[in-house]
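*Asks:* Below you'll find final.txt; it's compact mmCIF, C-alpha atoms.
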```txt
# COMPACT_ATOMS: atom_id res chain seq x y z
CA MET A 993 95.37 71.29 111.78
CA ARG A 994 95.09 68.31 114.13
CA LEU A 995 91.92 66.69 115.31
CA HIS A 996 92.32 67.99 118.85
CA PRO A 997 94.77 70.86 119.37
CA GLU A 998 96.04 69.31 122.59
CA ASP A 999 95.86 65.56 122.14
CA GLY A 1000 97.83 64.80 119.04
CA PRO A 1001 98.02 65.06 115.26
CA THR A 1002 95.73 63.47 112.74
CA THR A 1003 95.94 62.64 109.10
CA MET A 1004 93.45 65.44 108.51
CA ASP A 1005 96.36 67.86 108.73
CA VAL A 1006 97.28 67.19 105.13
CA MET A 1007 93.87 66.59 103.62
CA THR A 1008 92.40 68.86 101.01
CA ASN A 1009 90.00 71.52 102.20
CA ASP A 1010 86.60 70.86 100.67
CA ARG A 1011 85.89 74.59 100.69
CA ASN A 1012 88.28 75.00 97.74
CA PRO A 1013 86.90 72.79 94.95
CA PRO A 1014 89.38 71.71 92.29
CA PRO A 1015 89.24 73.24 88.82
CA THR A 1016 86.90 71.75 86.25
CA GLY A 1017 88.25 68.53 84.80
CA GLU A 1018 90.18 67.46 87.92
CA ARG A 1019 89.14 64.67 90.23
CA THR A 1020 86.90 65.82 93.07
CA THR A 1021 87.47 65.05 96.75
CA GLU A 1022 86.25 61.64 97.91
CA PRO A 1023 83.02 61.79 99.99
CA LEU A 1024 84.65 59.91 102.89
CA THR A 1025 87.40 62.54 103.03
CA GLN A 1026 84.78 65.26 103.19
CA TYR A 1027 83.00 63.53 106.07
CA MET A 1028 86.27 63.13 107.96
CA HIS A 1029 87.13 66.75 107.40
CA ARG A 1030 83.75 67.88 108.71
CA ALA A 1031 84.11 65.62 111.72
CA ASN A 1032 87.59 67.02 112.34
CA GLN A 1033 86.29 70.57 112.18
CA TRP A 1034 83.33 69.77 114.42
CA VAL A 1035 85.48 68.16 117.13
CA ARG A 1036 88.00 71.01 117.08
CA ASP A 1037 85.20 73.58 117.39
CA PHE A 1038 83.64 71.56 120.22
CA ASP A 1039 86.97 71.44 122.04
CA ARG A 1040 87.45 75.16 121.58
CA ARG A 1041 84.01 75.98 122.99
CA HIS A 1042 84.00 73.40 125.81
CA PRO A 1043 87.60 72.58 126.81
CA LEU A 1044 86.69 71.25 130.29
CA LEU A 1045 83.99 68.96 128.91
CA TRP A 1046 86.43 67.57 126.36
CA ASP A 1047 89.05 66.99 129.08
CA LEU A 1048 86.46 65.11 131.14
CA LEU A 1049 85.50 62.94 128.16
CA PHE A 1050 89.13 62.24 127.26
CA THR A 1051 90.13 61.43 130.83
CA GLY A 1052 86.99 59.38 131.43
CA PHE A 1053 87.74 57.23 128.39
CA TRP A 1054 91.23 56.33 129.61
CA VAL A 1055 90.14 55.81 133.21
CA THR A 1056 87.51 53.38 131.93
CA ALA A 1057 90.10 51.60 129.77
CA ALA A 1058 92.49 51.32 132.73
CA LEU A 1059 89.78 49.87 134.97
CA ILE A 1060 88.72 47.40 132.27
CA ASP A 1061 92.34 46.24 131.99
CA TYR A 1062 92.40 45.80 135.79
CA THR A 1063 89.04 44.11 136.27
CA GLY A 1064 89.26 41.97 133.15
CA GLY A 1065 92.66 40.60 134.06
CA GLY A 1066 94.28 41.56 130.80
CA TRP A 1067 97.21 43.02 132.70
CA ARG A 1068 98.31 39.49 133.69
CA ASN A 1069 99.32 38.76 130.07
CA VAL A 1070 102.34 41.07 130.39
CA ALA A 1071 102.83 41.21 134.15
CA HIS A 1072 106.01 40.03 135.84
CA ASN A 1073 103.98 39.33 138.97
CA PRO A 1074 100.44 38.08 138.17
CA ASP A 1075 99.69 37.78 141.91
CA ALA A 1076 99.85 41.52 142.63
CA PRO A 1077 97.12 42.52 145.19
CA GLY A 1078 93.85 43.90 143.81
CA PRO A 1079 93.66 47.10 145.93
CA LEU A 1080 97.17 48.05 144.76
CA LEU A 1081 96.17 47.51 141.14
CA LEU A 1082 93.10 49.72 141.59
CA VAL A 1083 95.15 52.52 143.13
CA LEU A 1084 97.76 52.25 140.37
CA SER A 1085 95.12 52.25 137.62
CA LEU A 1086 93.52 55.41 138.98
CA GLY A 1087 96.85 57.10 139.76
CA LEU A 1088 98.05 56.58 136.20
CA SER A 1089 94.84 57.77 134.47
CA VAL A 1090 92.94 60.34 136.57
CA PRO A 1091 95.76 62.98 136.46
CA LEU A 1092 95.23 63.20 132.67
CA LEU A 1093 92.43 65.67 133.44
CA TRP A 1094 95.11 68.36 134.02
CA ARG A 1095 97.51 67.27 131.26
CA ARG A 1096 96.96 70.42 129.16
CA THR A 1097 97.20 73.04 131.89
CA HIS A 1098 99.90 71.47 134.13
CA PRO A 1099 101.72 68.74 132.17
CA ALA A 1100 104.91 68.86 134.25
CA THR A 1101 102.99 68.53 137.54
CA VAL A 1102 100.94 65.66 136.11
CA LEU A 1103 104.09 63.79 135.09
CA PHE A 1104 105.54 64.24 138.60
CA VAL A 1105 102.30 62.96 140.12
CA MET A 1106 102.21 59.91 137.84
CA GLY A 1107 105.92 59.16 138.44
CA PRO A 1108 105.59 57.43 141.86
CA PHE A 1109 102.69 55.30 140.60
CA ALA A 1110 104.76 54.28 137.58
CA LEU A 1111 107.70 53.32 139.84
CA VAL A 1112 105.47 51.22 142.13
CA ASN A 1113 103.91 49.65 139.05
CA ALA A 1114 107.35 48.61 137.83
CA TRP A 1115 108.65 47.50 141.26
CA SER A 1116 105.56 45.40 142.02
CA GLY A 1117 105.78 43.63 138.67
CA ALA A 1118 102.14 44.43 137.80
CA THR A 1119 103.25 46.24 134.62
CA LEU A 1120 99.85 47.83 134.03
CA GLN A 1121 99.37 49.19 130.52
CA ALA A 1122 98.03 52.41 132.05
CA SER A 1123 101.66 53.44 132.58
CA LEU A 1124 101.83 54.13 128.84
CA LEU A 1125 99.52 57.12 129.40
CA GLN A 1126 102.65 58.98 130.47
CA LEU A 1127 103.42 59.27 126.75
CA VAL A 1128 100.37 61.55 126.41
CA VAL A 1129 101.77 63.76 129.17
CA ILE A 1130 105.27 63.98 127.71
CA TYR A 1131 103.68 64.87 124.36
CA HIS A 1132 102.04 67.88 126.07
CA ILE A 1133 105.34 68.82 127.69
CA ALA A 1134 106.97 68.88 124.24
CA LEU A 1135 103.98 70.87 122.95
CA ARG A 1136 103.71 73.48 125.69
CA ARG A 1137 106.72 73.58 128.00
CA PRO A 1138 110.27 74.84 127.31
CA LEU A 1139 112.18 72.22 125.37
CA ARG A 1140 114.83 71.99 128.10
CA ASP A 1141 112.19 70.30 130.30
CA LEU A 1142 112.35 67.28 128.00
CA TRP A 1143 115.63 66.17 129.61
CA TRP A 1144 114.25 65.57 133.10
CA ALA A 1145 110.89 64.41 131.69
CA THR A 1146 112.62 61.73 129.61
CA ALA A 1147 114.70 60.65 132.62
CA LEU A 1148 111.55 60.39 134.73
CA MET A 1149 109.90 58.30 132.01
CA LEU A 1150 112.86 55.89 131.81
CA ALA A 1151 113.13 55.36 135.57
CA PRO A 1152 110.28 52.78 135.80
CA VAL A 1153 111.55 50.64 132.91
CA THR A 1154 115.03 50.74 134.44
CA VAL A 1155 113.65 49.57 137.77
CA SER A 1156 111.67 46.78 136.10
CA THR A 1157 114.69 45.60 134.10
CA VAL A 1158 116.97 45.56 137.14
CA ARG A 1159 114.42 43.88 139.41
CA PHE A 1160 113.09 41.18 137.10
CA GLY A 1161 115.90 40.95 134.52
CA GLU A 1162 113.80 39.51 131.69
CA GLY A 1163 115.08 40.20 128.20
CA GLU A 1164 118.13 42.15 127.16
CA TRP A 1165 118.80 45.53 128.74
CA SER A 1166 119.05 47.32 125.38
CA GLN A 1167 115.80 45.79 124.19
CA GLN A 1168 113.83 46.80 127.30
CA VAL A 1169 115.18 50.35 127.51
CA GLY A 1170 115.53 50.86 123.76
CA SER A 1171 111.86 50.18 122.99
CA HIS A 1172 110.79 52.59 125.73
CA VAL A 1173 113.18 55.28 124.49
CA THR A 1174 111.74 54.88 120.99
CA SER A 1175 108.18 55.36 122.30
CA VAL A 1176 109.20 58.48 124.23
CA GLY A 1177 111.05 59.81 121.19
CA VAL A 1178 108.01 59.38 118.95
CA ALA A 1179 105.76 61.20 121.44
CA VAL A 1180 108.28 64.03 121.77
CA LEU A 1181 108.74 64.28 118.00
CA ILE A 1182 104.98 64.53 117.45
CA GLY A 1183 104.70 67.26 120.08
CA ILE A 1184 107.59 69.28 118.63
CA THR A 1185 106.21 68.91 115.09
CA ILE A 1186 102.78 70.17 116.05
CA ARG A 1187 104.30 72.92 118.17
CA THR A 1188 106.34 74.08 115.18
CA ARG A 1189 103.26 74.09 112.98
CA GLU A 1190 101.29 76.03 115.58
CA ASN A 1191 104.06 78.63 115.88
CA TYR A 1192 104.23 78.92 112.11
CA THR A 1193 100.46 79.31 111.86
CA GLU A 1194 100.45 81.93 114.62
CA ALA A 1195 103.21 83.81 112.80
CA LEU A 1196 101.18 83.77 109.59
CA GLU A 1197 98.06 84.94 111.41
CA ASP A 1198 99.99 87.70 113.15
CA ARG A 1199 101.45 88.79 109.84
CA ALA A 1200 97.99 88.77 108.28
CA ARG A 1201 96.65 90.90 111.13
CA ARG A 1202 99.52 93.36 110.77
CA LEU A 1203 99.02 93.53 107.02
CA GLU A 1204 95.33 94.12 107.54
CA ILE A 1205 96.06 96.91 110.02
CA GLU A 1206 98.59 98.40 107.63
CA ARG A 1207 96.07 98.15 104.79
CA ASP A 1208 93.45 99.96 106.88
CA GLN A 1209 95.97 102.62 107.84
CA GLN A 1210 96.96 103.12 104.23
CA ALA A 1211 93.29 103.35 103.29
CA ARG A 1212 92.71 105.99 105.99
CA ILE A 1213 95.78 107.93 104.86
CA ALA A 1214 94.64 107.75 101.25
CA THR A 1215 91.13 108.85 102.28
CA ALA A 1216 92.51 111.78 104.26
CA ALA A 1217 94.74 112.79 101.35
CA GLU A 1218 91.83 112.56 98.93
CA ARG A 1219 89.65 114.61 101.23
CA ALA A 1220 92.36 117.26 101.47
CA ARG A 1221 92.70 117.28 97.68
CA ILE A 1222 88.95 117.62 97.21
CA ALA A 1223 88.81 120.36 99.83
CA ARG A 1224 91.57 122.25 97.99
CA GLU A 1225 89.80 121.89 94.65
CA MET A 1226 86.44 123.01 96.02
CA HIS A 1227 88.07 125.88 97.88
CA ASP A 1228 89.86 127.04 94.74
CA ILE A 1229 86.82 126.62 92.50
CA ILE A 1230 84.11 128.01 94.76
CA GLY A 1231 86.19 130.54 96.68
CA HIS A 1232 87.66 132.20 93.61
CA ASN A 1233 84.45 132.28 91.59
CA LEU A 1234 82.40 133.63 94.48
CA SER A 1235 85.01 136.34 95.07
CA VAL A 1236 84.81 137.30 91.40
CA ILE A 1237 81.00 137.29 91.54
CA THR A 1238 81.07 139.46 94.65
CA GLY A 1239 83.39 141.95 92.98
CA LEU A 1240 81.24 142.05 89.85
CA ALA A 1241 78.06 142.49 91.89
CA ASP A 1242 79.58 145.37 93.89
CA GLY A 1243 80.79 147.04 90.70
CA GLY A 1244 77.42 146.53 89.00
CA ARG A 1245 75.57 148.12 91.90
CA TYR A 1246 77.63 151.29 91.64
CA ALA A 1247 77.39 151.33 87.84
CA ALA A 1248 73.63 150.79 87.77
CA ALA A 1249 72.84 154.44 88.55
CA ARG A 1250 75.40 156.00 86.21
CA SER A 1251 75.94 153.50 83.40
CA PRO A 1252 73.23 150.92 82.80
CA GLU A 1253 75.36 149.38 80.07
CA ARG A 1254 78.20 148.70 82.53
CA ALA A 1255 75.69 147.21 84.95
CA ALA A 1256 74.41 144.89 82.21
CA GLN A 1257 77.97 143.83 81.41
CA ALA A 1258 78.56 143.08 85.09
CA LEU A 1259 75.42 140.95 85.20
CA ASP A 1260 76.52 139.06 82.08
CA ALA A 1261 79.93 138.45 83.65
CA ILE A 1262 78.25 137.25 86.86
CA GLY A 1263 76.14 134.80 84.87
CA THR A 1264 79.14 133.50 82.92
CA THR A 1265 81.25 133.09 86.06
CA SER A 1266 78.40 131.37 87.91
CA ARG A 1267 77.84 128.89 85.08
CA GLN A 1268 81.55 128.10 84.93
CA ALA A 1269 81.71 127.57 88.69
CA LEU A 1270 78.60 125.39 88.60
CA GLY A 1271 80.04 123.30 85.76
CA GLU A 1272 83.35 122.76 87.53
CA LEU A 1273 81.57 121.88 90.77
CA ARG A 1274 79.26 119.42 88.98
CA ARG A 1275 82.23 117.67 87.36
CA LEU A 1276 83.91 117.35 90.75
CA LEU A 1277 80.78 115.95 92.40
CA ASP A 1278 80.21 113.49 89.55
CA VAL A 1279 83.65 112.03 90.19
CA LEU A 1280 82.79 111.56 93.88
CA ARG A 1281 79.50 109.76 93.27
CA GLU A 1282 79.62 106.01 93.89
CA ASP A 1283 76.18 105.16 92.52
CA GLU A 1284 76.55 102.66 89.68
CA THR A 1285 73.53 104.18 87.93
CA ALA A 1286 75.12 107.63 87.91
CA ARG A 1287 76.06 109.02 84.55
CA PRO A 1288 79.78 108.95 83.72
CA ALA A 1289 81.63 111.92 85.09
CA GLU A 1290 82.44 114.56 82.53
CA ARG A 1291 86.17 114.73 82.14
CA SER A 1292 88.08 117.79 81.04
CA PRO A 1293 91.71 118.87 81.33
CA GLN A 1294 92.76 120.61 84.54
CA PRO A 1295 93.48 124.31 84.10
CA GLY A 1296 97.00 125.22 83.06
CA LEU A 1297 99.11 128.15 81.87
CA THR A 1298 96.93 128.71 78.83
CA ASP A 1299 93.99 129.42 81.14
CA LEU A 1300 95.78 132.16 83.08
CA ASP A 1301 94.69 134.87 80.64
CA ARG A 1302 91.02 133.93 81.05
CA LEU A 1303 91.45 133.85 84.84
CA ILE A 1304 93.11 137.27 84.89
CA GLY A 1305 90.46 138.62 82.52
CA ARG A 1306 87.66 137.62 84.92
CA VAL A 1307 89.50 139.30 87.78
CA ARG A 1308 89.96 142.47 85.75
CA ASP A 1309 86.21 142.48 85.05
CA THR A 1310 85.66 142.99 88.78
CA GLY A 1311 87.60 146.26 88.59
CA LEU A 1312 90.94 145.00 89.96
CA PRO A 1313 93.84 146.09 87.74
CA VAL A 1314 96.23 143.19 87.13
CA HIS A 1315 99.62 143.63 85.43
CA THR A 1316 101.51 140.57 84.21
CA THR A 1317 105.08 139.95 83.06
CA ALA A 1318 106.66 136.68 81.92
CA GLU A 1319 110.27 135.70 81.29
CA GLY A 1320 111.64 132.59 79.65
CA ARG A 1321 109.90 129.72 77.91
CA ALA A 1322 107.23 127.63 79.59
CA THR A 1323 108.17 123.91 79.63
CA LEU A 1324 106.05 122.73 82.57
CA HIS A 1325 104.15 119.47 82.60
CA PRO A 1326 100.40 119.61 83.45
CA GLY A 1327 100.85 118.98 87.18
CA ARG A 1328 103.18 121.94 87.61
CA GLN A 1329 100.98 124.09 85.41
CA LEU A 1330 98.01 123.33 87.68
CA THR A 1331 100.08 124.32 90.74
CA VAL A 1332 101.03 127.66 89.16
CA TYR A 1333 97.43 128.28 88.10
CA ARG A 1334 95.98 127.52 91.54
CA VAL A 1335 98.57 129.64 93.36
CA VAL A 1336 97.89 132.63 91.10
CA GLN A 1337 94.15 132.04 91.47
CA GLU A 1338 94.34 131.92 95.26
CA ALA A 1339 96.58 135.01 95.43
CA LEU A 1340 94.16 137.05 93.28
CA THR A 1341 91.20 135.71 95.29
CA ASN A 1342 92.82 136.89 98.53
CA THR A 1343 93.44 140.27 96.97
CA LEU A 1344 89.76 140.57 96.02
CA LYS A 1345 88.65 139.51 99.50
CA HIS A 1346 91.13 141.25 101.78
CA ALA A 1347 93.06 144.02 100.00
CA GLY A 1348 90.29 146.63 100.14
CA PRO A 1349 89.39 149.27 97.53
CA ASP A 1350 91.66 151.08 95.08
CA VAL A 1351 94.32 148.39 94.83
CA ALA A 1352 96.28 146.90 91.98
CA SER A 1353 97.96 143.54 91.53
CA ARG A 1354 101.08 142.46 89.70
CA ILE A 1355 102.05 138.98 88.53
CA ALA A 1356 105.65 138.15 87.56
CA ILE A 1357 106.46 134.70 86.15
CA ALA A 1358 110.00 133.54 85.38
CA TYR A 1359 110.46 130.16 83.66
CA GLY A 1360 113.69 128.22 84.04
CA ASP A 1361 115.09 125.00 82.61
CA ARG A 1362 113.54 121.54 83.13
CA GLY A 1363 110.29 122.73 84.66
CA ALA A 1364 111.70 125.30 87.09
CA VAL A 1365 109.44 128.31 87.60
CA THR A 1366 109.19 131.29 89.93
CA VAL A 1367 105.94 133.20 90.41
CA THR A 1368 105.51 136.38 92.43
CA VAL A 1369 102.07 137.93 92.99
CA THR A 1370 101.89 141.27 94.81
CA ASP A 1371 99.19 143.82 95.51
CA THR A 1372 99.01 147.30 96.96
CA GLY A 1373 96.32 146.61 99.53
CA ARG A 1374 96.35 146.78 103.31
CA GLY A 1375 98.68 143.86 103.69
CA THR A 1376 96.52 142.29 106.42
CA PRO A 1377 93.10 140.62 106.31
CA SER A 1378 90.30 143.14 106.28
CA GLY A 1379 88.05 141.16 108.60
CA ALA A 1380 86.28 139.24 105.83
CA PRO A 1381 85.47 135.66 106.83
CA SER A 1382 88.09 133.10 105.86
CA ASP A 1383 88.18 129.30 106.11
CA GLY A 1384 91.94 129.21 106.55
CA ARG A 1385 92.47 126.78 103.66
CA GLY A 1386 93.97 129.11 101.10
CA ILE A 1387 97.62 129.44 102.13
CA PRO A 1388 97.89 125.86 103.53
CA GLY A 1389 96.42 124.59 100.26
CA MET A 1390 99.04 126.52 98.26
CA ARG A 1391 101.82 125.13 100.46
CA GLU A 1392 100.55 121.56 100.02
CA ARG A 1393 100.46 121.90 96.25
CA THR A 1394 103.95 123.38 96.26
CA ALA A 1395 105.38 120.66 98.52
CA VAL A 1396 104.37 117.97 96.01
CA TYR A 1397 107.14 119.19 93.70
CA GLY A 1398 109.64 120.07 96.40
CA GLY A 1399 109.08 123.78 96.00
CA THR A 1400 108.78 126.67 98.44
CA LEU A 1401 106.01 129.18 98.99
CA GLU A 1402 106.16 132.41 100.94
CA ALA A 1403 103.08 134.47 101.72
CA GLY A 1404 102.93 137.56 103.89
CA PRO A 1405 102.75 141.33 104.04
CA ARG A 1406 105.28 143.35 102.10
CA PRO A 1407 107.64 145.56 104.10
CA HIS A 1408 107.25 149.32 104.22
CA PRO A 1409 107.18 151.49 102.27
CA GLU A 1410 105.70 149.18 99.57
CA GLY A 1411 102.88 147.79 101.70
CA GLY A 1412 100.38 145.29 100.47
CA TRP A 1413 100.68 141.50 100.24
CA ARG A 1414 103.15 139.20 98.52
CA VAL A 1415 102.94 135.54 97.44
CA HIS A 1416 106.17 134.01 96.15
CA LEU A 1417 106.26 130.53 94.59
CA HIS A 1418 109.35 128.67 93.46
CA LEU A 1419 109.37 125.20 91.91
CA PRO A 1420 112.86 123.74 91.36
CA GLU A 1421 114.01 121.83 88.33
CA GLU A 1422 112.60 118.39 87.81
CA SER A 1423 114.85 115.55 88.91
CA PRO A 1424 116.23 113.50 86.01
CA GLN A 1425 114.57 110.08 85.70
```
Starting from the coordinates I provided, produce the structure as structure tokens.

*Replies:*
Amino acid sequence: MRLHPEDGPTTMDVMTNDRNPPPTGERTTEPLTQYMHRANQWVRDFDRRHPLLWDLLFTGFWVTAALIDYTGGGWRNVAHNPDAPGPLLLVLSLGLSVPLLWRRTHPATVLFVMGPFALVNAWSGATLQASLLQLVVIYHIALRRPLRDLWWATALMLAPVTVSTVRFGEGEWSQQVGSHVTSVGVAVLIGITIRTRENYTEALEDRARRLEIERDQQARIATAAERARIAREMHDIIGHNLSVITGLADGGRYAAARSPERAAQALDAIGTTSRQALGELRRLLDVLREDETARPAERSPQPGLTDLDRLIGRVRDTGLPVHTTAEGRATLHPGRQLTVYRVVQEALTNTLKHAGPDVASRIAIAYGDRGAVTVTVTDTGRGTPSGAPSDGRGIPGMRERTAVYGGTLEAGPRPHPEGGWRVHLHLPEESPQ
């Protein structure tokens, strides 16, 4: 970065940032360099906060220098006409320095305003050094204006030296014009260099902002996906176990009057199911805790095909008959096993909640090659929700789990005369790696 973003480059552009100390064993930054860097940063911050004040200070400095050159008579050392009138010199000194106040906002206009003063300066032979301040203006044109403006700006800058050479004829033409062209070229080159660096820095900052926005978006997407996953898990864990507990409690109430032993069995099953649900819920909540002092979350394998018998057994304990058939050999990896388990769990839970009394359920599983599987769960219930409250997460959750593996899921009432409800899951073969 330059000392002043608008007035030219400094050697501080390439100095080491003292905020990044070198590794141990390397030579540290010199104290003078640190002081210069702090001064550079302070001036740039001051200019950013008070641009008008800085413009006034900058312009005031050069106006004072121009007036000192005029009043002190130093201009006569290089003048072609040392007898130029004083009032003219004063007007020229002010005309070539005061417009610098607007050099950053209107550089082209400032150069046009200074042009007539520069021509009179050359024609009169005063040759005031204040005319060199046009180099500051052409630097700002190279920094801020379209580069095509440099053609007419350079021509306007060369007009006074051409007039002076033709009128007074001192020195060779190439020497007079060539030195001025070199000065203009250096000013233009500095402006273009800093402009290129500014554009590059802005591009990097814009890219950083876009990456930050993309990072935040990815974080929000990941958070939403994690919330959906947690909601599915809690729905499957709590919803199924509460449905089983409800069925056991209803069965135990009817059995209490006729068969106390059956009622006791129902209460035991309710206790076992409740403890299992509480354990699964506690493991899930332990994973979500961010407190560093929290005990490590208890980890256990996710349910799979081997847990289907225990799941079906709990459902049967509620009084719902469940018939199962399986074809083929199971070769599913744990993720697909969890999907099958959760779909069967949700289908049986919906049967318990919505199918009504005196129903039966049937589960048919057909395993294919390379992880392909088809699961069909049917019941003989009403085929429509019975009015029991529902959170609407069951079927969407099954579809989301199925979509992960490119599968399909159909859920809806069975046609007459069968009646009831049908859930059909199909996971295709795994793609070869």

*Asks:* May I ask which of the residues A:Gly1296, A:Pro1349, A:Gly1271, A:Gly1386 is the closest one to A:His1325, counting all atoms listed in the file?

*Replies:*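 Looking at the shortest contact to A:His1325, the residue is A:Gly1296.
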
*Asks:* Rank A:Leu1080, A:Leu1300, A:Val1180, A:Ala1358 by their smallest atom-to-atom distance to A:Val1335, using only C-alpha atoms, and report the top residue only.

*Replies:* A:Leu1300

*Asks:* In the coordinates of the file, take the point (100.0, 140.9, 95.8) and a cut-off of 10 Å; then, counting all atoms listed in the file, name each qualifying protein, DNA or RNA residue as a VMD selection string.

*Replies:* chain A and resid 1314 1336 1339 to 1340 1342 to 1343 1347 1351 to 1355 1368 to 1373 1375 1403 to 1406 1411 to 1416

*Asks:* Would you compute the distance between atom CA of A:Ala1100 and atom CA of A:Ser1123? Give it in Å to one decimal.

*Replies:*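 Spanning atom CA of A:Ala1100 to atom CA of A:Ser1123 is a straight-line distance of 15.8 Å.
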
*Asks:* With only C-alpha atoms as the basis for distance, which of A:Leu1297, A:Leu1259, A:Leu1120, A:Ile1130 is at the shortest distance from A:Gly1066?

*Replies:*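 Looking at the shortest contact to A:Gly1066, the residue is A:Leu1120.
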
*Asks:* Around the point (114.4, 40.5, 135.7), in the coordinates given by the file, pick out the residues reaching within 12 Å, counting all atoms listed in the file, and return them as a tab-separated table (two decimals) with C-alpha atoms, in the coordinates of the input.

*Replies:*
```tsv
chain	number	residue	atom	x	y	z
A	1071	ALA	CA	102.83	41.21	134.15
A	1072	HIS	CA	106.01	40.03	135.84
A	1073	ASN	CA	103.98	39.33	138.97
A	1114	ALA	CA	107.35	48.61	137.83
A	1115	TRP	CA	108.65	47.50	141.26
A	1116	SER	CA	105.56	45.40	142.02
A	1117	GLY	CA	105.78	43.63	138.67
A	1153	VAL	CA	111.55	50.64	132.91
A	1154	THR	CA	115.03	50.74	134.44
A	1155	VAL	CA	113.65	49.57	137.77
A	1156	SER	CA	111.67	46.78	136.10
A	1157	THR	CA	114.69	45.60	134.10
A	1158	VAL	CA	116.97	45.56	137.14
A	1159	ARG	CA	114.42	43.88	139.41
A	1160	PHE	CA	113.09	41.18	137.10
A	1161	GLY	CA	115.90	40.95	134.52
A	1162	GLU	CA	113.80	39.51	131.69
A	1163	GLY	CA	115.08	40.20	128.20
A	1164	GLU	CA	118.13	42.15	127.16
A	1165	TRP	CA	118.80	45.53	128.74
A	1168	GLN	CA	113.83	46.80	127.30
```

*Asks:* Which residues, written as a ChimeraX atom specification, have at least one atom at most 12 Å from A:Val1173, with all atoms listed in the file counted and residues fewer than 2 positions away on the same chain left out?

*Replies:* /A:1127,1145-1154,1166-1171,1175-1181

*Asks:* Expressed in Å to a single decimal, how great is the separation between atom CA of A:Val1102 and atom CA of A:Leu1045?

*Replies:*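 According to the coordinates, atom CA of A:Val1102 and atom CA of A:Leu1045 are separated by 18.7 Å.
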
*Asks:* Residues within 6 Å of A:Leu1419, please, as a VMD selection string. Count all atoms listed in the file; anything in the same chain fewer than 6 positions from it doesn't count.

*Replies:* chain A and resid 1364 to 1365 1399

*Asks:* Could you please take those selected residues and save C-alpha atoms as a compact mmCIF listing (two decimals), in the coordinates of the input?

*Replies:*
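File written: part-v9.txt
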```
# COMPACT_ATOMS: atom_id res chain seq x y z
CA ALA A 1364 111.70 125.30 87.09
CA VAL A 1365 109.44 128.31 87.60
CA GLY A 1399 109.08 123.78 96.00
```

*Asks:* Could you tell me how far atom CA of A:Leu1401 sits from atom CA of A:Arg1362, in Å to one decimal place?

*Replies:*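 Answer for the atom CA of A:Arg1362 to atom CA of A:Leu1401 separation: 19.1 Å.
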
*Asks:* Can you list, as a count of residues only, every protein, DNA or RNA residue that comes within 9 Å of A:Thr1051 when you count only C-alpha atoms, leaving out same-chain residues fewer than 6 positions away?

*Replies:* 5

*Asks:* Measuring between all atoms listed in the file, which one of A:Leu1103, A:Ala1214, A:Ala1241, A:Leu1111 shows the shortest distance to A:Val1128?

*Replies:* A:Leu1103

*Asks:* Could you name the residues that touch A:Arg1068 at 9 Å or less, counting only C-alpha atoms, but leaving out those on the same chain fewer than 5 positions away, as a ChimeraX atom specification?

*Replies:* /A:1062,1073-1075,1118-1120
